[in-house]
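Shown next: work-v1.cif, containing mmCIF, C-alpha atoms.
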```
data_upload
#
loop_
_atom_site.label_atom_id
_atom_site.label_comp_id
_atom_site.auth_asym_id
_atom_site.auth_seq_id
_atom_site.Cartn_x
_atom_site.Cartn_y
_atom_site.Cartn_z
CA MET A 1 -11.79 15.90 -31.57
CA MET A 2 -8.62 17.58 -32.80
CA ASP A 3 -6.76 14.24 -32.92
CA LEU A 4 -9.56 12.70 -34.95
CA THR A 5 -9.45 15.62 -37.42
CA ARG A 6 -5.68 15.26 -37.83
CA SER A 7 -6.01 11.51 -38.30
CA LEU A 8 -8.67 11.99 -40.97
CA GLN A 9 -6.57 14.62 -42.76
CA SER A 10 -3.54 12.35 -42.66
CA LEU A 11 -5.58 9.44 -44.00
CA GLN A 12 -6.99 11.61 -46.80
CA LYS A 13 -3.45 12.64 -47.83
CA GLN A 14 -2.44 8.96 -47.99
CA VAL A 15 -5.46 8.15 -50.16
CA ASN A 16 -4.67 11.07 -52.48
CA VAL A 17 -1.09 9.86 -52.90
CA GLN A 18 -2.24 6.30 -53.67
CA THR A 19 -4.77 7.40 -56.28
CA ASN A 20 -2.12 9.44 -58.11
CA ILE A 21 0.10 6.41 -58.72
CA GLU A 22 -0.32 5.15 -62.27
CA GLN A 23 -0.20 1.40 -62.69
CA PRO A 24 -0.55 -0.61 -65.87
CA SER A 25 -3.57 -2.87 -66.20
CA ALA A 26 -1.21 -5.78 -66.81
CA ALA A 27 2.55 -6.18 -66.42
CA LEU A 28 4.99 -9.09 -66.33
CA THR A 29 8.73 -9.60 -65.86
CA LEU A 30 10.29 -12.98 -66.63
CA THR A 31 13.86 -14.26 -66.63
CA ARG A 32 15.87 -17.48 -66.43
CA SER A 33 17.87 -19.10 -63.65
CA ALA A 34 20.20 -21.04 -65.98
CA THR A 35 22.13 -20.29 -69.17
CA LEU A 36 20.48 -21.23 -72.45
CA ALA A 37 22.17 -22.55 -75.60
CA ILE A 38 20.82 -20.79 -78.70
CA THR A 39 21.29 -22.01 -82.27
CA THR A 40 21.12 -20.46 -85.72
CA ALA A 41 18.00 -22.58 -86.38
CA GLY A 42 16.24 -20.49 -83.73
CA THR A 43 15.66 -21.15 -80.05
CA VAL A 44 12.37 -20.43 -78.33
CA ILE A 45 13.09 -18.91 -74.94
CA THR A 46 11.88 -21.02 -72.03
CA TRP A 47 11.16 -18.79 -69.04
CA GLN A 48 11.96 -20.08 -65.57
CA VAL A 49 11.54 -17.22 -63.09
CA GLU A 50 8.73 -14.72 -62.57
CA ASN A 51 10.03 -11.48 -61.05
CA ARG A 52 6.66 -9.70 -61.03
CA ASN A 53 3.22 -10.37 -62.41
CA GLN A 54 0.03 -8.39 -62.61
CA GLY A 55 -2.66 -10.26 -64.51
CA PHE A 56 -0.66 -12.60 -66.78
CA THR A 57 -0.46 -16.37 -66.97
CA TRP A 58 2.55 -18.10 -68.47
CA SER A 59 4.11 -21.55 -68.66
CA GLY A 60 7.55 -22.39 -70.02
CA THR A 61 7.75 -20.78 -73.45
CA THR A 62 4.21 -19.38 -73.68
CA ILE A 63 2.84 -16.14 -72.23
CA THR A 64 -0.93 -15.64 -72.32
CA ILE A 65 -2.25 -12.11 -72.82
CA PRO A 66 -4.83 -11.23 -70.13
CA THR A 67 -6.84 -8.47 -71.85
CA THR A 68 -7.09 -6.86 -75.27
CA GLY A 69 -4.92 -3.79 -75.91
CA PHE A 70 -1.52 -2.49 -76.92
CA TYR A 71 1.48 -4.06 -75.15
CA LEU A 72 5.10 -2.98 -74.98
CA PHE A 73 7.59 -5.88 -74.96
CA ASN A 74 11.22 -5.26 -73.95
CA PHE A 75 13.68 -8.14 -74.18
CA VAL A 76 17.33 -7.84 -73.07
CA PHE A 77 19.87 -10.64 -73.22
CA LYS A 78 23.63 -11.11 -73.06
CA ILE A 79 25.47 -13.62 -75.26
CA SER A 80 29.02 -14.96 -75.08
CA THR A 81 30.28 -13.69 -78.45
CA ALA A 82 31.00 -9.98 -78.82
CA ASN A 83 29.90 -8.16 -81.98
CA GLN A 84 27.47 -10.87 -83.07
CA VAL A 85 24.19 -9.98 -84.73
CA ALA A 86 21.18 -11.71 -83.20
CA TYR A 87 17.58 -11.65 -84.36
CA ALA A 88 14.54 -11.79 -82.12
CA GLU A 89 11.04 -12.81 -83.16
CA PHE A 90 7.77 -12.40 -81.31
CA SER A 91 5.07 -14.82 -82.41
CA VAL A 92 1.42 -14.53 -81.45
CA ASN A 93 -0.66 -17.71 -81.73
CA GLY A 94 2.15 -19.28 -83.77
CA LEU A 95 2.30 -16.47 -86.35
CA GLN A 96 5.37 -14.24 -86.65
CA GLN A 97 4.43 -10.70 -85.59
CA SER A 98 7.79 -8.99 -85.58
CA PHE A 99 11.33 -9.89 -86.52
CA MET A 100 14.17 -7.56 -85.75
CA GLY A 101 17.92 -7.72 -86.03
CA VAL A 102 19.72 -6.63 -82.90
CA THR A 103 22.95 -4.96 -83.94
CA PRO A 104 26.36 -6.05 -82.66
CA GLN A 105 27.54 -4.39 -79.50
CA ALA A 106 30.90 -4.72 -77.80
CA THR A 107 29.13 -5.38 -74.49
CA ASN A 108 27.52 -8.59 -75.88
CA THR A 109 24.20 -7.26 -74.59
CA LYS A 110 21.29 -7.11 -77.01
CA SER A 111 18.09 -5.17 -76.50
CA TYR A 112 14.85 -5.54 -78.42
CA THR A 113 11.63 -3.55 -77.99
CA GLN A 114 8.34 -4.08 -79.79
CA MET A 115 4.80 -2.78 -79.41
CA LEU A 116 2.05 -5.20 -80.42
CA TYR A 117 -1.73 -5.14 -80.33
CA CYS A 118 -2.91 -8.35 -78.68
CA THR A 119 -6.29 -9.76 -77.78
CA THR A 120 -7.40 -11.64 -74.69
CA GLY A 121 -6.00 -15.18 -74.69
CA ASP A 122 -3.29 -14.62 -77.31
CA ALA A 123 -0.31 -16.94 -76.81
CA VAL A 124 3.03 -15.12 -77.20
CA THR A 125 6.44 -16.76 -77.65
CA LEU A 126 9.88 -15.29 -78.21
CA THR A 127 12.53 -16.90 -80.44
CA VAL A 128 16.18 -15.85 -80.77
CA TYR A 129 18.28 -16.47 -83.90
CA PRO A 130 22.02 -15.80 -83.46
CA THR A 131 24.25 -15.65 -86.55
CA SER A 132 26.36 -18.38 -84.92
CA ASN A 133 25.51 -20.78 -82.09
CA ASP A 134 25.95 -19.16 -78.71
CA ILE A 135 24.90 -19.10 -75.05
CA ILE A 136 22.55 -16.64 -73.32
CA ALA A 137 24.13 -15.73 -70.01
CA VAL A 138 22.26 -15.24 -66.74
CA SER A 139 22.69 -11.95 -64.86
CA VAL A 140 20.18 -11.11 -62.16
CA GLU A 141 17.89 -8.08 -62.30
CA GLY A 142 19.27 -5.12 -60.42
CA LEU A 143 22.82 -5.69 -61.59
CA ASN A 144 24.46 -4.23 -64.69
CA ARG A 145 22.84 -5.67 -67.83
CA PRO A 146 20.39 -8.28 -66.49
CA SER A 147 20.04 -11.27 -68.83
CA PRO A 148 17.80 -12.66 -70.14
CA ILE A 149 14.93 -10.50 -69.02
CA LEU A 150 11.54 -9.83 -70.58
CA HIS A 151 9.31 -6.96 -69.47
CA ILE A 152 5.76 -6.71 -70.80
CA THR A 153 3.50 -3.78 -69.97
CA GLN A 154 -0.03 -3.14 -71.18
CA LEU A 155 -0.18 0.39 -72.57
CA THR A 156 -3.90 0.64 -73.32
CA GLY A 157 -7.08 -1.34 -73.13
CA ALA A 158 -9.08 -2.11 -76.26
CA ILE A 159 -9.86 1.04 -78.25
#
```

Translate this file's structure into structure tokens.
Amino acid sequence: MMDLTRSLQSLQKQVNVQTNIEQPSAALTLTRSATLAITTAGTVITWQVENRNQGFTWSGTTITIPTTGFYLFNFVFKISTANQVAYAEFSVNGLQQSFMGVTPQATNTKSYTQMLYCTTGDAVTLTVYPTSNDIIAVSVEGLNRPSPILHITQLTGAI
């Protein structure tokens, strides 16, 4: 009987730990496996590798939002030319939602974060506009300055 009581107490502790872990309703991390030439006319990022996915669907350039709510988008990429300004644009259903200049950095790494309210089924694309033609390098996640990498996390459901 004592062993059963200990087993139940141990199991209850494990359940308590699991229920205290906060997870987003939806999350996605995408990257590329090959470099990508980007031009001043704008280059839509084509995603090639899914690192993690909870609830999303995506294909090539388009990411489909699974449920209505606020989403945090974080995009990091490394280009060949140091001190170059690059602009990033998120479009939802073909309409520009945000456009932000990413300031020059000696590391060549650019970072862009945007919060957007999206609805179920919205189609999201990401376009990069460098001030001169360049190449987006590939650096795997887990190393210094992964590139290109896109993290999307749902912050809230519909309010």

Determine, using all atoms listed in the file, which residues of range 29-82 of chain A have any atom at most 6 Å from an atom of range 130-152 of chain A, and tabulate each with its shortest atom pair and distance in Å to one decimal place, rows ordered by chain and then rising number, as CSV.
```
residue,atom,partner,partner_atom,distance
A:Thr29,CA,A:His151,CA,4.5
A:Leu30,CA,A:Leu150,CA,5.2
A:Thr31,CA,A:Ile149,CA,4.6
A:Thr35,CA,A:Ala137,CA,5.0
A:Leu36,CA,A:Ile136,CA,5.1
A:Ala37,CA,A:Ile135,CA,4.4
A:Ile38,CA,A:Asp134,CA,5.4
A:Thr39,CA,A:Asn133,CA,4.4
A:Thr40,CA,A:Pro130,CA,5.3
A:Leu72,CA,A:Ile152,CA,5.6
A:Phe73,CA,A:Ile152,CA,4.6
A:Asn74,CA,A:His151,CA,5.2
A:Phe75,CA,A:Leu150,CA,4.5
A:Val76,CA,A:Ile149,CA,5.4
A:Phe77,CA,A:Pro148,CA,4.2
A:Lys78,CA,A:Ser147,CA,5.6
A:Ile79,CA,A:Ile136,CA,4.6
A:Ser80,CA,A:Ile135,CA,5.8
```

Q: List the residues selected by the PyMOL selection byres ((chain A and resi 124) around 6) in the file shown, writing them as a PyMOL selection string.
A: chain A and resi 62-63+91-92+123+125

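Considering the residues A:Thr43, A:Gln84, A:Ser98, A:Gln54 and counting all atoms listed in the file, Pro66 in chain A has its shortest atom-to-atom contact with A:Gln54.
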
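For the pair CA of Thr109 in chain A and CA of Asn83 in chain A, the separation is 9.4 Å.
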
Q.
Report, in Å to a single decimal, how far apart CA of Gln114 in chain A and CA of Thr156 in chain A are.
A. 14.6 Å

(Q) I need the residue nearest Thr119 in chain A from this list: A:Ile65, A:Leu155, A:Val49, A:Leu95. Use all atoms listed in the file for the distance. (A)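 Of A:Ile65, A:Leu155, A:Val49, A:Leu95, the one nearest Thr119 in chain A is A:Ile65, counting all atoms listed in the file.
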
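In this structure, CA of Thr64 in chain A sits 28.6 Å away from CA of Val85 in chain A.
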
Q) What would the list of residues within 6 Å of (13.1, -11.2, -82.5) (file frame) look like as a list in words, if all atoms listed in the file are what count? A)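 The residues near that point, listed by chain and number, are Tyr87, Ala88, Glu89, Phe90, Phe99, Met100 and Val128 of chain A.
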
From the block I gave, I'd like range 54-73 of chain A written with N, CA, C and O atoms, as a CSV table (one decimal), in the first residue's frame.
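Below you can see part.csv, which holds the result:
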```csv
chain,number,residue,atom,x,y,z
A,54,GLN,N,3.7,24.1,-34.3
A,54,GLN,CA,2.5,23.8,-33.5
A,54,GLN,C,1.3,24.5,-34.1
A,54,GLN,O,1.1,25.7,-33.8
A,55,GLY,N,0.6,23.9,-35.0
A,55,GLY,CA,-0.7,24.4,-35.5
A,55,GLY,C,-0.6,25.1,-36.8
A,55,GLY,O,-1.7,25.4,-37.4
A,56,PHE,N,0.5,25.4,-37.3
A,56,PHE,CA,0.6,26.2,-38.6
A,56,PHE,C,0.6,25.3,-39.8
A,56,PHE,O,1.0,24.1,-39.7
A,57,THR,N,0.2,25.9,-41.0
A,57,THR,CA,0.5,25.3,-42.3
A,57,THR,C,1.3,26.3,-43.0
A,57,THR,O,1.1,27.5,-42.8
A,58,TRP,N,2.2,25.8,-43.9
A,58,TRP,CA,3.0,26.7,-44.7
A,58,TRP,C,3.4,26.0,-46.0
A,58,TRP,O,3.5,24.8,-46.0
A,59,SER,N,3.7,26.8,-47.0
A,59,SER,CA,4.2,26.2,-48.2
A,59,SER,C,5.1,27.3,-49.0
A,59,SER,O,4.5,28.3,-49.3
A,60,GLY,N,6.3,27.0,-49.1
A,60,GLY,CA,7.2,27.9,-49.9
A,60,GLY,C,7.3,29.3,-49.2
A,60,GLY,O,7.8,29.5,-48.2
A,61,THR,N,6.6,30.3,-49.8
A,61,THR,CA,6.7,31.6,-49.4
A,61,THR,C,5.5,32.0,-48.4
A,61,THR,O,5.6,33.0,-47.7
A,62,THR,N,4.5,31.2,-48.3
A,62,THR,CA,3.2,31.5,-47.6
A,62,THR,C,3.0,30.7,-46.4
A,62,THR,O,3.1,29.5,-46.4
A,63,ILE,N,2.8,31.5,-45.3
A,63,ILE,CA,2.5,30.9,-44.0
A,63,ILE,C,1.0,31.2,-43.7
A,63,ILE,O,0.5,32.3,-43.8
A,64,THR,N,0.2,30.2,-43.3
A,64,THR,CA,-1.2,30.3,-43.0
A,64,THR,C,-1.4,30.4,-41.5
A,64,THR,O,-1.0,29.5,-40.8
A,65,ILE,N,-2.1,31.4,-41.1
A,65,ILE,CA,-2.4,31.6,-39.7
A,65,ILE,C,-3.5,30.6,-39.2
A,65,ILE,O,-4.5,30.5,-39.8
A,66,PRO,N,-3.2,29.9,-38.1
A,66,PRO,CA,-4.2,28.8,-37.7
A,66,PRO,C,-5.4,29.3,-37.0
A,66,PRO,O,-6.5,28.8,-37.2
A,67,THR,N,-5.2,30.3,-36.1
A,67,THR,CA,-6.4,30.8,-35.3
A,67,THR,C,-6.2,32.3,-35.1
A,67,THR,O,-5.1,32.9,-35.1
A,68,THR,N,-7.3,33.0,-34.9
A,68,THR,CA,-7.4,34.5,-34.8
A,68,THR,C,-6.7,34.9,-33.5
A,68,THR,O,-6.9,34.2,-32.4
A,69,GLY,N,-5.9,35.9,-33.5
A,69,GLY,CA,-5.2,36.5,-32.3
A,69,GLY,C,-4.0,37.3,-32.7
A,69,GLY,O,-3.7,37.6,-33.8
A,70,PHE,N,-3.3,37.8,-31.6
A,70,PHE,CA,-2.1,38.5,-31.8
A,70,PHE,C,-0.9,37.6,-32.0
A,70,PHE,O,-0.8,36.6,-31.2
A,71,TYR,N,-0.1,37.9,-32.9
A,71,TYR,CA,1.1,37.0,-33.2
A,71,TYR,C,2.4,37.9,-33.1
A,71,TYR,O,2.4,39.1,-33.6
A,72,LEU,N,3.4,37.3,-32.6
A,72,LEU,CA,4.7,38.0,-32.6
A,72,LEU,C,5.6,37.3,-33.6
A,72,LEU,O,5.8,36.1,-33.6
A,73,PHE,N,6.1,38.1,-34.5
A,73,PHE,CA,7.0,37.6,-35.6
A,73,PHE,C,8.4,38.1,-35.4
A,73,PHE,O,8.6,39.3,-35.2
```
